[in-house]
Amino acid sequence: MTEFNKQSIQFNEQGLVPVVVQHAQTKEVLTVAYMNQESLEKTIATKETWFYSRSRKELWNKGATSGNKQQVISIRTDCDQDALVVEVIPNGPACHTGETTCFHKDVLTPNEKVGSFGILADLVNVIQEREKTMPEGAYTTYLFEKGVDKIGKKIGEEATEVVIAAKNRDAQELQWEAADLLYHLLVLLQEQKVDLYEVLEVLQKRHESK
């Protein structure tokens, strides 16, 4: 974790700073809480999230009772240094209701879906669940039953179709074929028990080495 000057953090008149807790891999916002000087220092020292409860007027360690702890990956401050973003790897739901994130209630739902990287995490979860339950009639079940040879063949076919779509200069066809390729690649990673985030970590290391 990159060290920063804790003394430069601008705590408010109550000695608190607002904290946005974000999933380090999916980038989903998990919760918003507050830290004081002591809880920030404990968070940095233990690499677990510690917050200050304004209602109980005491420190609390996320997951101390539920087991849903949060491993701290990074801490960033905004330009005014009066707010923090803490990236974590959660060991369970962030919300006391059992939801993954506290932000699970819609106020304004968009009329049209907007593509985001969050769908990859959702798709990984679905593929993992398919492998566990193997529901009859599901295409993903069929792929797992046939094994690596069939999955690998499909990846080869989809990769070829991606190239054909690109050669045809057909943007919509390319979108569909690229989506098929990504799906089958995720199935292969699950079949081989290779975590998608381990692949992303390789990309991250390559990027940082340049």
# chains A, B, ... in the order shown; residues from 1 in each chain; ligands from 1
$ select_by_dssp --residues "chain A" --states "alpha helix (DSSP H)" --output "PyMOL selection string"
chain A and resi 37-46+118-133+139-146+148-167+171-191+196-209
$ select_by_dssp --residues "stretch 35-179 of chain A" --states "strand (DSSP E or B)" --output "PyMOL selection string"
chain A and resi 35+48+50-53+58-61+70-77+84-90
$ write_last_selection --atoms "N, CA and C atoms" --output "compact mmCIF listing (two decimals), in the first residue's frame"
# COMPACT_ATOMS: atom_id res chain seq x y z
N MET A 35 -14.41 7.43 9.20
CA MET A 35 -13.24 7.10 9.99
C MET A 35 -12.79 8.33 10.77
N GLU A 48 -7.25 -4.14 7.47
CA GLU A 48 -8.67 -4.44 7.57
C GLU A 48 -9.41 -3.13 7.82
N TRP A 50 -11.53 -0.45 9.54
CA TRP A 50 -12.01 -0.01 10.84
C TRP A 50 -12.73 1.33 10.63
N PHE A 51 -13.89 1.46 11.23
CA PHE A 51 -14.68 2.68 11.07
C PHE A 51 -15.04 3.26 12.43
N TYR A 52 -15.60 4.46 12.38
CA TYR A 52 -16.10 5.09 13.60
C TYR A 52 -17.62 5.18 13.51
N SER A 53 -18.30 4.60 14.49
CA SER A 53 -19.76 4.63 14.53
C SER A 53 -20.24 5.93 15.17
N GLU A 58 -18.05 4.86 18.86
CA GLU A 58 -16.95 3.96 19.12
C GLU A 58 -16.42 3.39 17.81
N LEU A 59 -15.21 2.84 17.85
CA LEU A 59 -14.63 2.19 16.68
C LEU A 59 -15.28 0.83 16.46
N TRP A 60 -15.35 0.42 15.19
CA TRP A 60 -15.78 -0.94 14.91
C TRP A 60 -15.03 -1.50 13.71
N ASN A 61 -14.70 -2.77 13.85
CA ASN A 61 -13.96 -3.51 12.83
C ASN A 61 -14.95 -4.27 11.98
N GLN A 70 -13.03 -7.22 5.52
CA GLN A 70 -12.63 -6.60 4.26
C GLN A 70 -11.12 -6.40 4.27
N GLN A 71 -10.43 -7.08 3.34
CA GLN A 71 -8.99 -6.92 3.21
C GLN A 71 -8.69 -5.65 2.43
N VAL A 72 -7.97 -4.75 3.03
CA VAL A 72 -7.69 -3.45 2.40
C VAL A 72 -6.58 -3.60 1.37
N ILE A 73 -6.86 -3.15 0.15
CA ILE A 73 -5.89 -3.20 -0.94
C ILE A 73 -5.24 -1.84 -1.15
N SER A 74 -6.03 -0.78 -1.10
CA SER A 74 -5.48 0.56 -1.30
C SER A 74 -6.36 1.59 -0.62
N ILE A 75 -5.78 2.74 -0.34
CA ILE A 75 -6.51 3.89 0.20
C ILE A 75 -6.11 5.11 -0.61
N ARG A 76 -7.11 5.83 -1.11
CA ARG A 76 -6.85 7.05 -1.87
C ARG A 76 -7.64 8.20 -1.26
N THR A 77 -7.09 9.41 -1.41
CA THR A 77 -7.80 10.59 -0.95
C THR A 77 -8.17 11.45 -2.15
N LEU A 84 -12.12 9.80 1.52
CA LEU A 84 -11.25 8.66 1.19
C LEU A 84 -12.01 7.63 0.38
N VAL A 85 -11.27 6.95 -0.50
CA VAL A 85 -11.76 5.74 -1.16
C VAL A 85 -10.88 4.59 -0.70
N VAL A 86 -11.51 3.58 -0.12
CA VAL A 86 -10.78 2.41 0.36
C VAL A 86 -11.18 1.22 -0.50
N GLU A 87 -10.22 0.66 -1.23
CA GLU A 87 -10.48 -0.52 -2.06
C GLU A 87 -10.20 -1.77 -1.25
N VAL A 88 -11.13 -2.72 -1.29
CA VAL A 88 -11.04 -3.91 -0.46
C VAL A 88 -11.38 -5.16 -1.25
N ILE A 89 -10.95 -6.30 -0.71
CA ILE A 89 -11.43 -7.61 -1.13
C ILE A 89 -12.33 -8.10 0.00
N PRO A 90 -13.65 -8.13 -0.22
CA PRO A 90 -14.56 -8.51 0.86
C PRO A 90 -14.63 -10.02 1.06
$ residues_around --residues "A:Ser116" --least-positions-apart "5" --cutoff "12 Å" --atoms "only C-alpha atoms" --output "PyMOL selection string"
chain A and resi 26-28+121-123
$ write_last_selection --atoms "N, CA and C atoms" --output "PDB file, in the first residue's frame"
ATOM      1  N   THR A  26     -14.191  -5.693  -8.732  1.00  0.00           N
ATOM      2  CA  THR A  26     -15.350  -5.345  -9.559  1.00  0.00           C
ATOM      3  C   THR A  26     -15.583  -3.847  -9.649  1.00  0.00           C
ATOM      4  N   LYS A  27     -14.943  -3.081  -8.733  1.00  0.00           N
ATOM      5  CA  LYS A  27     -15.103  -1.624  -8.637  1.00  0.00           C
ATOM      6  C   LYS A  27     -16.503  -1.218  -8.172  1.00  0.00           C
ATOM      7  N   GLU A  28     -17.274  -2.148  -7.673  1.00  0.00           N
ATOM      8  CA  GLU A  28     -18.596  -1.833  -7.146  1.00  0.00           C
ATOM      9  C   GLU A  28     -18.465  -1.113  -5.809  1.00  0.00           C
ATOM     10  N   ALA A 121     -18.082  -9.928 -13.704  1.00  0.00           N
ATOM     11  CA  ALA A 121     -18.166 -10.534 -12.368  1.00  0.00           C
ATOM     12  C   ALA A 121     -19.466 -11.315 -12.223  1.00  0.00           C
ATOM     13  N   ASP A 122     -20.573 -10.743 -12.721  1.00  0.00           N
ATOM     14  CA  ASP A 122     -21.866 -11.440 -12.656  1.00  0.00           C
ATOM     15  C   ASP A 122     -21.823 -12.743 -13.442  1.00  0.00           C
ATOM     16  N   LEU A 123     -21.218 -12.688 -14.632  1.00  0.00           N
ATOM     17  CA  LEU A 123     -21.150 -13.869 -15.497  1.00  0.00           C
ATOM     18  C   LEU A 123     -20.276 -14.959 -14.881  1.00  0.00           C
TER      19      LEU A 123
END
$ closest_residue --among "A:Val202, A:Leu120, A:Leu185, A:Val19" --to "A:Asp78" --atoms "only C-alpha atoms"
A:Val19
